[in-house]
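Visitor: Sharing query12.cif below, mmCIF, C-alpha atoms:
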data_input
loop_
_atom_site.label_atom_id
_atom_site.label_comp_id
_atom_site.auth_asym_id
_atom_site.auth_seq_id
_atom_site.Cartn_x
_atom_site.Cartn_y
_atom_site.Cartn_z
CA MET T 130 3.05 -72.05 -37.26
CA PHE T 131 4.37 -68.97 -39.03
CA ASP T 132 4.73 -68.54 -42.75
CA THR T 133 8.47 -67.98 -42.59
CA PRO T 134 11.35 -69.52 -44.57
CA PHE T 135 12.14 -71.63 -41.53
CA ASP T 136 8.59 -73.06 -41.40
CA ARG T 137 8.70 -73.94 -45.09
CA TYR T 138 12.01 -75.64 -44.50
CA ASP T 139 10.44 -77.85 -41.76
CA ASP T 140 7.59 -78.92 -44.07
CA LEU T 141 10.04 -79.96 -46.79
CA ALA T 142 12.11 -81.97 -44.34
CA ALA T 143 9.01 -83.80 -43.07
CA ALA T 144 7.97 -84.75 -46.64
CA ARG T 145 11.41 -86.10 -47.37
CA LEU T 146 11.32 -88.12 -44.15
CA ALA T 147 8.00 -89.73 -45.15
CA GLU T 148 9.38 -90.70 -48.58
CA ASP T 149 12.41 -92.31 -46.96
CA GLU T 150 10.17 -94.40 -44.68
CA GLN T 151 8.09 -95.66 -47.65
CA ALA T 152 11.24 -96.56 -49.57
CA GLY T 153 12.50 -98.48 -46.55
CA ASP T 154 9.30 -100.55 -46.36
CA LEU T 155 9.55 -101.46 -50.07
CA ASP T 156 13.12 -102.56 -49.64
CA TYR T 157 12.09 -104.73 -46.74
CA HIS T 158 9.46 -106.52 -48.79
CA HIS T 159 11.84 -107.07 -51.67
CA GLN T 160 14.40 -108.49 -49.31
CA GLY T 161 11.92 -111.11 -48.25
CA ASP T 162 11.71 -112.47 -51.80
CA ALA T 163 15.32 -112.00 -52.92
CA PRO T 164 18.28 -113.85 -51.60
CA ALA T 165 20.05 -112.31 -48.67
CA ALA T 166 22.84 -109.88 -49.43
CA PRO T 167 25.52 -108.56 -47.19
CA ILE T 168 24.27 -105.65 -45.13
CA THR T 169 26.51 -102.60 -44.42
CA GLU T 170 25.83 -100.56 -41.29
CA ALA T 171 24.65 -96.88 -42.01
CA PRO T 172 24.11 -94.04 -39.57
CA PRO T 173 20.58 -93.94 -38.29
CA PRO T 174 18.69 -91.15 -40.13
CA ARG T 175 16.40 -90.35 -37.15
CA ARG T 176 19.27 -88.93 -34.98
CA LYS T 177 20.30 -86.54 -37.74
CA ARG T 178 16.77 -85.37 -38.08
CA VAL T 179 16.58 -84.66 -34.32
CA TRP T 180 19.72 -82.54 -34.37
CA LEU T 181 18.54 -80.72 -37.46
CA GLY T 182 15.21 -79.96 -35.83
CA LEU T 183 16.90 -78.59 -32.71
CA ALA T 184 19.06 -76.29 -34.82
CA LEU T 185 16.02 -75.06 -36.68
CA LEU T 186 14.21 -74.41 -33.45
CA VAL T 187 17.11 -72.36 -32.13
CA ALA T 188 17.26 -70.35 -35.36
CA VAL T 189 13.51 -69.75 -35.32
CA GLY T 190 13.65 -68.62 -31.71
CA ALA T 191 16.49 -66.22 -32.41
CA ALA T 192 14.68 -64.74 -35.40
CA TRP T 193 11.48 -64.34 -33.41
CA TRP T 194 13.40 -62.58 -30.60
CA LEU T 195 15.06 -60.19 -33.04
CA PHE T 196 11.87 -59.37 -34.93
CA ARG T 197 10.02 -58.82 -31.66
CA GLY T 198 12.51 -56.14 -30.63
CA GLY T 199 14.67 -57.71 -28.04
CA SER T 200 17.02 -54.74 -27.42
CA PRO T 201 16.91 -53.49 -23.80
CA ALA T 202 14.78 -50.41 -23.08
CA PRO T 203 16.84 -47.18 -22.83
CA ALA T 204 17.48 -45.86 -19.35
CA ALA T 205 15.42 -42.83 -18.28
CA MET T 206 17.25 -39.42 -18.40
CA PRO T 207 18.20 -38.13 -14.93
CA VAL T 208 16.31 -35.12 -13.63
CA PRO T 209 18.52 -31.98 -13.86
CA VAL T 210 19.62 -30.46 -10.58
CA VAL T 211 19.51 -26.64 -10.39
CA THR T 212 19.94 -24.00 -7.71
CA ALA T 213 17.14 -21.46 -7.30
CA ALA T 214 16.83 -18.44 -5.02
CA ALA T 215 14.39 -15.65 -4.43
CA PRO T 216 15.46 -12.31 -5.97
CA LEU T 217 17.24 -9.96 -3.60
CA GLN T 218 14.95 -7.12 -2.57
CA THR T 219 16.69 -3.97 -1.35
CA ASN T 220 16.76 -0.20 -1.67
CA VAL T 221 18.97 1.46 -4.28
CA THR T 222 19.82 5.02 -5.21
CA GLU T 223 19.39 5.84 -8.88
CA TRP T 224 22.00 7.83 -10.75
CA GLU T 225 22.25 9.43 -14.15
CA GLU T 226 25.66 9.11 -15.80
CA PHE T 227 27.42 11.78 -17.84
CA VAL T 228 30.73 11.99 -19.63
CA GLY T 229 32.63 15.23 -19.24
CA ARG T 230 36.02 16.84 -19.04
CA PHE T 231 37.94 18.55 -16.24
CA LYS T 232 38.70 22.22 -16.72
CA ALA T 233 40.92 24.61 -14.83
CA PHE T 234 39.20 26.67 -12.18
CA ARG T 235 41.13 29.65 -13.54
CA SER T 236 43.49 29.81 -16.50
CA VAL T 237 45.83 32.73 -17.29
CA GLU T 238 48.14 33.49 -20.20
CA VAL T 239 51.25 35.24 -18.93
CA ARG T 240 52.28 38.12 -21.25
CA PRO T 241 54.67 41.03 -20.55
CA GLN T 242 53.40 44.58 -19.98
CA VAL T 243 56.64 46.16 -21.24
CA SER T 244 59.02 45.34 -24.05
CA GLY T 245 62.62 44.38 -23.61
CA GLN T 246 65.10 41.56 -23.31
CA ILE T 247 64.50 38.57 -20.98
CA VAL T 248 67.48 38.41 -18.66
CA ARG T 249 66.30 35.70 -16.24
CA VAL T 250 63.72 32.92 -15.80
CA HIS T 251 62.77 32.18 -12.17
CA PHE T 252 60.74 28.94 -12.37
CA THR T 253 60.99 25.31 -13.39
CA ASP T 254 58.63 24.09 -16.08
CA GLY T 255 55.51 22.45 -14.61
CA GLN T 256 55.98 23.49 -11.01
CA ILE T 257 53.36 24.89 -8.65
CA VAL T 258 53.71 28.65 -8.26
CA ARG T 259 52.12 31.07 -5.85
CA GLN T 260 50.45 34.30 -6.75
CA GLY T 261 53.02 37.13 -6.92
CA ALA T 262 56.04 34.87 -7.39
CA PRO T 263 58.57 36.23 -9.95
CA LEU T 264 58.61 34.34 -13.24
CA PHE T 265 60.65 36.41 -15.73
CA THR T 266 62.93 39.44 -15.44
CA ILE T 267 63.17 41.95 -18.31
CA ASP T 268 66.11 44.33 -18.69
CA SER T 269 64.99 47.37 -16.65
CA ARG T 270 67.80 49.86 -17.30
CA THR T 271 65.93 52.01 -19.81
CA TYR T 272 62.84 52.06 -17.58
CA ARG T 273 64.84 53.06 -14.52
CA ALA T 274 66.42 55.90 -16.50
CA ALA T 275 62.97 57.10 -17.54
CA LEU T 276 61.93 56.94 -13.90
CA ALA T 277 64.87 59.10 -12.86
CA GLN T 278 64.00 61.63 -15.53
CA SER T 279 60.44 61.83 -14.25
CA GLN T 280 61.65 62.29 -10.72
CA ALA T 281 63.80 65.22 -11.92
CA GLU T 282 60.74 66.76 -13.54
CA VAL T 283 58.99 66.53 -10.19
CA ALA T 284 61.82 68.37 -8.51
CA ARG T 285 61.76 71.13 -11.12
CA ALA T 286 57.98 71.49 -10.89
CA SER T 287 58.20 71.66 -7.12
CA SER T 288 60.81 74.46 -7.30
CA ALA T 289 58.75 76.46 -9.78
CA LEU T 290 55.69 76.09 -7.62
CA ALA T 291 57.54 77.28 -4.53
CA LEU T 292 58.79 80.38 -6.36
CA SER T 293 55.35 81.25 -7.71
CA ARG T 294 53.84 80.95 -4.26
CA SER T 295 56.48 83.28 -2.79
CA ASN T 296 55.84 85.86 -5.51
CA LEU T 297 52.11 85.69 -4.88
CA ALA T 298 52.54 86.19 -1.14
CA ARG T 299 54.83 89.22 -1.64
CA ALA T 300 52.39 90.80 -4.11
CA GLN T 301 49.47 90.33 -1.72
CA ARG T 302 51.35 92.28 0.98
CA LEU T 303 51.96 95.16 -1.47
CA VAL T 304 48.33 95.30 -2.59
CA ALA T 305 47.32 96.90 0.72
CA GLU T 306 49.75 99.74 0.05
CA ASP T 307 48.57 100.12 -3.57
CA ALA T 308 52.10 99.28 -4.70
CA VAL T 309 51.06 96.40 -6.99
CA ALA T 310 48.25 96.34 -9.49
CA ALA T 311 45.43 93.90 -9.01
CA THR T 312 46.07 92.39 -12.43
CA GLU T 313 49.58 91.44 -11.34
CA VAL T 314 48.21 89.61 -8.37
CA ASP T 315 45.82 87.67 -10.62
CA ARG T 316 48.71 86.72 -12.90
CA LEU T 317 50.74 85.41 -9.98
CA ARG T 318 47.78 83.36 -8.76
CA ALA T 319 47.40 81.79 -12.20
CA GLU T 320 51.12 81.04 -12.24
CA VAL T 321 50.81 79.20 -8.91
CA ARG T 322 47.96 77.10 -10.21
CA ASN T 323 49.90 76.29 -13.38
CA ASN T 324 52.94 75.18 -11.41
CA GLU T 325 50.73 73.05 -9.15
CA ALA T 326 49.37 71.28 -12.23
CA ALA T 327 52.86 70.78 -13.62
CA LEU T 328 53.96 69.22 -10.35
CA ALA T 329 50.98 66.84 -10.38
CA ALA T 330 51.80 65.81 -13.94
CA ALA T 331 55.43 65.21 -13.03
CA ARG T 332 54.41 63.08 -10.08
CA ALA T 333 52.03 61.06 -12.30
CA ALA T 334 54.88 60.49 -14.72
CA VAL T 335 56.99 59.19 -11.86
CA SER T 336 54.20 56.74 -10.94
CA ALA T 337 53.93 55.53 -14.53
CA ARG T 338 57.68 55.03 -14.82
CA SER T 339 57.68 53.21 -11.48
CA ILE T 340 54.99 50.87 -12.77
CA ASP T 341 57.05 50.19 -15.90
CA VAL T 342 60.02 49.34 -13.76
CA GLY T 343 57.81 47.00 -11.76
CA PHE T 344 56.57 45.36 -14.95
CA THR T 345 60.13 44.39 -15.83
CA THR T 346 59.67 41.61 -13.28
CA VAL T 347 56.85 39.41 -14.60
CA ARG T 348 55.02 37.85 -11.65
CA ALA T 349 52.44 35.05 -11.36
CA PRO T 350 48.94 36.57 -11.47
CA ILE T 351 47.37 33.50 -9.80
CA SER T 352 48.44 30.41 -7.87
CA GLY T 353 48.50 27.13 -9.78
CA ARG T 354 50.54 24.84 -11.97
CA ILE T 355 52.66 26.63 -14.54
CA SER T 356 53.31 25.38 -18.03
CA ASP T 357 56.68 25.38 -19.77
CA ARG T 358 58.37 28.65 -20.69
CA ARG T 359 57.78 29.72 -24.27
CA ILE T 360 60.66 32.24 -24.25
CA ASP T 361 64.18 31.63 -22.99
CA ALA T 362 66.50 34.20 -21.45
CA GLY T 363 68.15 36.48 -24.01
CA ASN T 364 65.13 36.85 -26.26
CA LEU T 365 63.35 40.13 -26.89
CA VAL T 366 59.66 40.28 -26.01
CA SER T 367 56.96 42.73 -26.96
CA GLY T 368 54.76 44.29 -24.32
CA GLY T 369 51.78 46.52 -24.41
CA GLY T 370 49.17 43.97 -23.31
CA GLY T 371 46.59 42.18 -25.42
CA THR T 372 47.20 39.36 -27.86
CA ASN T 373 49.95 41.35 -29.58
CA ALA T 374 52.18 40.89 -26.55
CA THR T 375 54.52 37.90 -26.50
CA LEU T 376 53.12 34.78 -24.78
CA LEU T 377 55.56 33.75 -22.06
CA THR T 378 53.71 30.82 -20.41
CA THR T 379 50.33 29.81 -18.96
CA ILE T 380 49.13 29.04 -15.43
CA ASN T 381 46.16 26.85 -14.49
CA ALA T 382 44.55 26.93 -11.07
CA VAL T 383 44.14 23.23 -10.23
CA ASP T 384 42.53 23.32 -6.77
CA PRO T 385 39.64 23.10 -7.14
CA LEU T 386 38.81 22.05 -10.70
CA TYR T 387 35.69 22.37 -12.79
CA PHE T 388 34.03 19.31 -14.33
CA GLU T 389 31.99 20.36 -17.36
CA PHE T 390 29.37 18.13 -18.97
CA SER T 391 26.24 18.32 -21.10
CA GLY T 392 22.82 16.86 -20.32
CA SER T 393 19.82 16.14 -22.48
CA GLU T 394 16.61 18.11 -22.37
CA SER T 395 14.75 15.23 -20.70
CA LEU T 396 17.29 15.03 -17.90
CA PHE T 397 17.16 18.79 -17.48
CA LEU T 398 13.37 18.69 -17.08
CA LYS T 399 13.60 15.70 -14.73
CA GLY T 400 16.14 17.48 -12.57
CA ARG T 401 14.04 20.63 -12.40
CA ARG T 402 10.93 18.68 -11.36
CA GLU T 403 12.85 16.77 -8.70
CA GLY T 404 14.30 19.94 -7.24
CA MET T 405 17.94 19.56 -8.27
CA ALA T 406 19.89 22.79 -7.84
CA ASN T 407 23.39 24.06 -7.28
CA GLY T 408 25.03 22.22 -4.43
CA THR T 409 23.75 18.76 -5.42
CA GLN T 410 26.44 16.14 -4.81
CA VAL T 411 28.07 14.41 -7.77
CA ASP T 412 30.48 11.45 -7.93
CA ILE T 413 33.22 11.15 -10.55
CA ARG T 414 35.58 8.40 -11.66
CA LEU T 415 38.42 8.51 -14.15
CA GLN T 416 38.87 6.30 -17.19
CA ASP T 417 41.00 3.70 -15.39
CA GLU T 418 39.01 3.69 -12.14
CA ALA T 419 36.28 1.18 -11.38
CA ASP T 420 34.61 3.08 -8.55
CA TYR T 421 33.48 6.68 -8.11
CA MET T 422 36.15 7.87 -5.70
CA ARG T 423 36.00 11.64 -6.35
CA HIS T 424 33.20 13.86 -5.17
CA GLY T 425 32.05 17.37 -5.91
CA LYS T 426 29.03 19.63 -6.03
CA LEU T 427 26.95 20.98 -8.87
CA ASP T 428 28.01 24.56 -9.40
CA PHE T 429 26.43 25.95 -12.55
CA THR T 430 23.71 25.22 -15.09
CA ASP T 431 23.51 27.27 -18.26
CA ASN T 432 20.61 29.64 -18.82
CA GLY T 433 19.45 27.95 -22.02
CA LEU T 434 19.68 24.82 -24.14
CA ASP T 435 21.70 24.59 -27.31
CA PRO T 436 19.07 24.51 -30.09
CA ALA T 437 21.41 22.59 -32.41
CA SER T 438 22.05 19.64 -30.08
CA GLY T 439 19.18 19.91 -27.60
CA THR T 440 21.58 19.76 -24.66
CA ILE T 441 22.41 22.09 -21.81
CA ARG T 442 25.81 22.78 -20.29
CA ALA T 443 26.43 22.23 -16.61
CA ARG T 444 29.41 22.31 -14.30
CA ALA T 445 30.53 20.83 -10.99
CA VAL T 446 33.33 21.91 -8.64
CA VAL T 447 35.69 19.09 -7.57
CA PRO T 448 38.37 19.50 -4.85
CA ASN T 449 41.91 18.63 -5.96
CA ALA T 450 44.05 19.17 -2.90
CA ASP T 451 46.61 16.55 -3.91
CA GLY T 452 46.94 18.00 -7.42
CA PHE T 453 46.38 14.60 -9.03
CA LEU T 454 43.72 15.79 -11.46
CA ALA T 455 44.66 17.92 -14.44
CA PRO T 456 42.61 20.05 -16.83
CA GLY T 457 41.57 18.15 -19.95
CA LEU T 458 41.08 14.75 -18.32
CA PHE T 459 37.96 12.83 -19.28
CA GLY T 460 35.76 11.47 -16.53
CA ARG T 461 32.43 9.76 -15.94
CA MET T 462 30.11 11.50 -13.54
CA ARG T 463 26.95 10.27 -11.86
CA LEU T 464 24.25 12.48 -10.47
CA ALA T 465 21.54 11.24 -8.14
CA THR T 466 18.21 11.86 -9.87
CA GLY T 467 15.67 9.24 -8.86
CA GLY T 468 16.04 9.17 -5.10
CA THR T 469 15.85 5.85 -3.26
CA ARG T 470 13.47 3.03 -4.21
CA SER T 471 12.97 -0.68 -3.57
CA VAL T 472 14.05 -3.02 -6.39
CA LEU T 473 14.64 -6.72 -7.11
CA LEU T 474 18.17 -7.86 -7.94
CA VAL T 475 19.30 -11.05 -9.70
CA PRO T 476 22.74 -12.24 -10.81
CA GLU T 477 23.79 -11.24 -14.30
CA SER T 478 24.46 -14.91 -15.09
CA ALA T 479 20.79 -15.79 -14.49
CA VAL T 480 19.60 -13.52 -17.33
CA THR T 481 19.16 -15.19 -20.72
CA THR T 482 18.34 -13.75 -24.13
CA ASP T 483 15.55 -14.94 -26.39
CA GLN T 484 16.06 -13.00 -29.60
CA THR T 485 15.46 -9.43 -28.43
CA ARG T 486 13.86 -10.29 -25.08
CA LYS T 487 15.56 -10.70 -21.74
CA GLN T 488 14.37 -13.64 -19.64
CA VAL T 489 15.01 -15.50 -16.42
CA LEU T 490 14.01 -19.08 -15.65
CA VAL T 491 11.96 -19.70 -12.53
CA ALA T 492 11.13 -23.02 -10.86
CA GLY T 493 7.58 -23.73 -9.66
CA LYS T 494 6.62 -25.55 -6.48
CA ASP T 495 6.41 -28.86 -8.41
CA GLY T 496 9.81 -28.29 -10.04
CA THR T 497 8.45 -27.21 -13.43
CA VAL T 498 10.60 -24.61 -15.19
CA ALA T 499 8.97 -21.48 -16.62
CA ALA T 500 10.44 -18.52 -18.49
CA ARG T 501 9.72 -14.95 -17.37
CA THR T 502 10.24 -12.03 -19.73
CA ILE T 503 11.74 -9.18 -17.74
CA GLU T 504 12.75 -5.56 -18.18
CA LEU T 505 16.27 -4.85 -17.03
CA GLY T 506 17.55 -1.96 -14.99
CA PRO T 507 21.10 -0.83 -14.18
CA LEU T 508 23.86 -2.89 -12.61
CA VAL T 509 24.36 -2.70 -8.87
CA GLY T 510 27.72 -4.30 -8.29
CA GLY T 511 27.47 -7.74 -9.83
CA LEU T 512 23.68 -7.84 -9.67
CA ARG T 513 21.16 -6.61 -12.20
CA VAL T 514 18.07 -4.60 -11.32
CA VAL T 515 14.83 -6.13 -12.64
CA GLU T 516 12.29 -3.40 -13.35
CA LYS T 517 9.35 -5.56 -14.50
CA GLY T 518 8.33 -9.18 -14.98
CA LEU T 519 9.48 -10.72 -11.68
CA ARG T 520 7.86 -11.18 -8.26
CA PRO T 521 9.64 -11.32 -4.90
CA SER T 522 8.23 -14.83 -4.34
CA ASP T 523 9.64 -16.29 -7.58
CA ARG T 524 12.43 -18.83 -7.36
CA VAL T 525 14.96 -17.73 -9.95
CA ILE T 526 17.35 -20.37 -11.28
CA VAL T 527 20.82 -18.99 -10.60
CA LYS T 528 22.90 -22.14 -11.24
CA GLY T 529 22.34 -24.80 -13.86
CA VAL T 530 20.55 -22.44 -16.22
CA GLN T 531 21.97 -24.32 -19.23
CA MET T 532 20.41 -27.61 -18.07
CA ALA T 533 16.90 -26.20 -17.56
CA MET T 534 14.29 -25.68 -20.26
CA PRO T 535 10.78 -24.20 -20.00
CA GLY T 536 8.25 -26.95 -19.21
CA GLN T 537 10.91 -29.35 -17.94
CA LYS T 538 10.95 -30.92 -14.49
CA VAL T 539 14.01 -30.18 -12.37
CA ARG T 540 15.17 -30.93 -8.87
CA VAL T 541 15.62 -27.63 -7.05
CA GLU T 542 18.29 -27.01 -4.46
CA PRO T 543 17.78 -23.87 -2.37
CA GLY T 544 20.22 -21.00 -2.86
CA ARG T 545 20.65 -17.41 -1.76
CA ILE T 546 21.62 -14.17 -3.48
CA ALA T 547 24.01 -12.54 -1.02
CA LEU T 548 23.85 -8.84 -0.26
CA THR T 549 27.61 -8.74 0.32
CA GLU T 550 28.19 -9.52 -3.34
CA ALA T 551 26.48 -6.32 -4.37
CA ARG T 552 28.29 -4.22 -1.75
CA GLN T 553 31.80 -5.52 -2.33
CA THR T 554 31.87 -5.89 -6.10
CA PRO T 555 32.31 -2.58 -7.95
CA SER T 556 30.49 -2.15 -11.22
CA ALA T 557 33.08 -2.21 -14.00
CA THR T 558 31.04 -3.62 -16.86
CA THR T 559 29.21 -1.69 -19.52
CA ALA T 560 25.53 -1.68 -18.72
CA ALA T 561 22.98 -2.73 -21.30
CA PRO T 562 20.24 -0.28 -22.32
CA VAL T 563 17.96 0.27 -19.36
CA SER T 564 14.57 1.80 -18.91
CA ARG T 565 15.27 4.24 -16.11
CA ALA T 566 18.49 5.45 -14.53
CA ALA T 567 21.83 4.70 -16.12
CA SER T 568 23.21 3.27 -12.88
CA ALA T 569 22.28 2.63 -9.28
CA THR T 570 23.93 1.87 -5.95
CA LEU T 571 22.72 0.32 -2.74
CA ALA T 572 21.14 2.89 -0.47
CA ASN T 573 22.79 3.36 2.88
#
Show how you would write the structure in this file as structure tokens.
Guide:
Amino acid sequence: MFDTPFDRYDDLAAARLAEDEQAGDLDYHHQGDAPAAPITEAPPPRRKRVWLGLALLVAVGAAWWLFRGGSPAPAAMPVPVVTAAAPLQTNVTEWEEFVGRFKAFRSVEVRPQVSGQIVRVHFTDGQIVRQGAPLFTIDSRTYRAALAQSQAEVARASSALALSRSNLARAQRLVAEDAVAATEVDRLRAEVRNNEAALAAARAAVSARSIDVGFTTVRAPISGRISDRRIDAGNLVSGGGGTNATLLTTINAVDPLYFEFSGSESLFLKGRREGMANGTQVDIRLQDEADYMRHGKLDFTDNGLDPASGTIRARAVVPNADGFLAPGLFGRMRLATGGTRSVLLVPESAVTTDQTRKQVLVAGKDGTVAARTIELGPLVGGLRVVEKGLRPSDRVIVKGVQMAMPGQKVRVEPGRIALTEARQTPSATTAAPVSRAASATLAN
């Protein structure tokens, strides 16, 4: 039937069987002529041939089954099950983010106005002081002695002035009787004026010496947090004002504080066109804070851009009633620039990357998966703003993204992107480069 080794084996067996039958017939004829001989019983050859044929048939059938491909067909792959939901459509407020540093509302270096020895320190390092509170006391004995001397000069000038006035009055009475020359009267008048000037000078000297005595007690020029003392009691300090005077300590006004930052030229132009001005609200968070818990108002924008960096300085005023903030702290500030607009939001986990493109997988009505190239916006809580490439009616695969491939059929289970997730989850991740604002929040 087939030209196989088994078929050739059957033909050879049949030929041998025919030869055996012919030999048996010859023996039978010879036995008729020859005398009878004892016959020994032998196994019948036909039964062996039957069993051999059955074995060959089984072998041929097995070979045919193997060559025909008898392995069972592989089971069909199950259809992946994914969860898809329409993108969340809501209103968000766009913000621009800046990095800046807190600065003291006012900062003063405390230096003495007079020279002398420090005899007492009246504050504890780092405490809050009020304007006018005593900080240092300088030995005032020499200044009080100078004040007493000036007061004595006032007394002497007052006595001389009184005498000159009496002499002038007496001479004026004698002028009517021609007993005193007119020139003498003029001299007495000049003497009165001279003594009046001397008295004024003496009184001015008393005021100056009184001021020096007052300067021996160094007082806080402003209210705020004081630094540590740079000079201990017993040391000599130099006065006179200016940078040549000895630095005693510094005071920073910490309520409110300034927050200084720099913005680019494009943001400056955008703010001008959108009507941003002083008084615009800003939100600030510190380095270890996830949410913008501190609020202030824009206070100052410089009158020109720095030509070297192309940026402009700006400043906000931030209340600090509890004194928690300190000058020099870094912070991240956001400033509302884009107003409120409607956007589509999807979970961050639904966004995939294809080389340099951002994509989401969407499921069609028939369950066919398709890839949509999108343009990302800022994070709003745990959700990502999609600027372009997605429609509100699309069903975005939010679970089972790893099991879905473009062009593949999937079984879609309905899902929902909850609004509470965006409201309750603060944004603490670093946002990828976006096309518009640096961040956004849900609009109230």
Visitor: When you count all atoms listed in the file, which of these residues is closest to Gly506 in chain T: T:Leu473, T:Ile526, T:Leu185, T:Ala479?
Guide: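 Ranked by minimum distance to Gly506 in chain T, first place goes to T:Leu473.
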Visitor: Apply the PyMOL selection byres ((chain T and resi 417) around 12) to the displayed file and report the matching residues as a list of chain:residue names.
Guide: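 This file, filtered by the PyMOL selection byres ((chain T and resi 417) around 12), leaves T:Ile413, T:Arg414, T:Leu415, T:Gln416, T:Glu418, T:Ala419, T:Asp420, T:Tyr421, T:Met422, T:Leu458, T:Phe459, T:Gly460, T:Arg461, T:Ala557.
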Visitor: Give me, as a list in words, all polymer residues having an atom no more than 7 Å from range 280-293 of chain T, counting only C-alpha atoms and skipping those fewer than 5 positions away in the same chain.
Guide: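 Listed by chain and then number, they are Leu317, Glu320, Val321, Asn324, Glu325, Ala327, Leu328, Ala331, Arg332 and Val335 of chain T.
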Visitor: Got a sec to resolve the PyMOL selection byres ((chain T and resi 244-252) around 6) on this structure and send the residues as a list in words?
Guide: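 So the PyMOL selection byres ((chain T and resi 244-252) around 6), applied here, picks out Val243, Thr253, Leu264, Phe265, Thr266, Ile267, Asp268, Ala362, Gly363, Asn364, Leu365, Val366, Ser367 and Gly368 of chain T.
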Visitor: For Ala333 in chain T, which residue among T:Gly261, T:Ala300, T:Glu477, T:Leu276 is the nearest when counting only C-alpha atoms?
Guide: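 Of all the options, T:Leu276 lies closest to Ala333 in chain T.
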Visitor: Kindly resolve the PyMOL selection byres ((chain T and resi 240) around 12) on the present coordinates and return the residues as a ChimeraX atom specification.
Guide: /T:237-239,241-244,264-265,267,344-350,358-360,366-380
Visitor: So what do you get for CA of Asn381 in chain T versus CA of Arg354 in chain T, distance-wise?
Guide: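 Taking CA of Asn381 in chain T and CA of Arg354 in chain T, their separation equals 5.4 Å.
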Visitor: Any idea what the distance is between CA of Val498 in chain T and CA of Lys538 in chain T?
Guide: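 We find that CA of Val498 in chain T and CA of Lys538 in chain T lie 6.4 Å from each other.
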Visitor: Could you tell me which of T:Met405, T:Ile546, T:Val527, T:Val480 comes closest to Glu504 in chain T if we count only C-alpha atoms?
Guide: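 Checking each candidate against Glu504 in chain T, we get T:Val480 as the closest.
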Visitor: Near Leu474 in chain T, within 7 Å and counting only C-alpha atoms, which residues show up once chain neighbours fewer than 6 positions away are dropped, as a list in words?
Guide: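 With the cut-off at 7 Å, the set is Pro216, Leu217, Gln218, Leu512, Arg513, Val514 and Val515 of chain T.
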Visitor: May I have the protein, DNA and RNA residues with any atom at most 8 Å from the point (48.1, 30.4, -6.6), counting only C-alpha atoms, written as a list in words?
Guide: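 Checking each residue against the 8 Å limit leaves Ile257, Val258, Arg259, Gln260, Ala349, Pro350, Ile351, Ser352, Gly353 and Ala382 of chain T.
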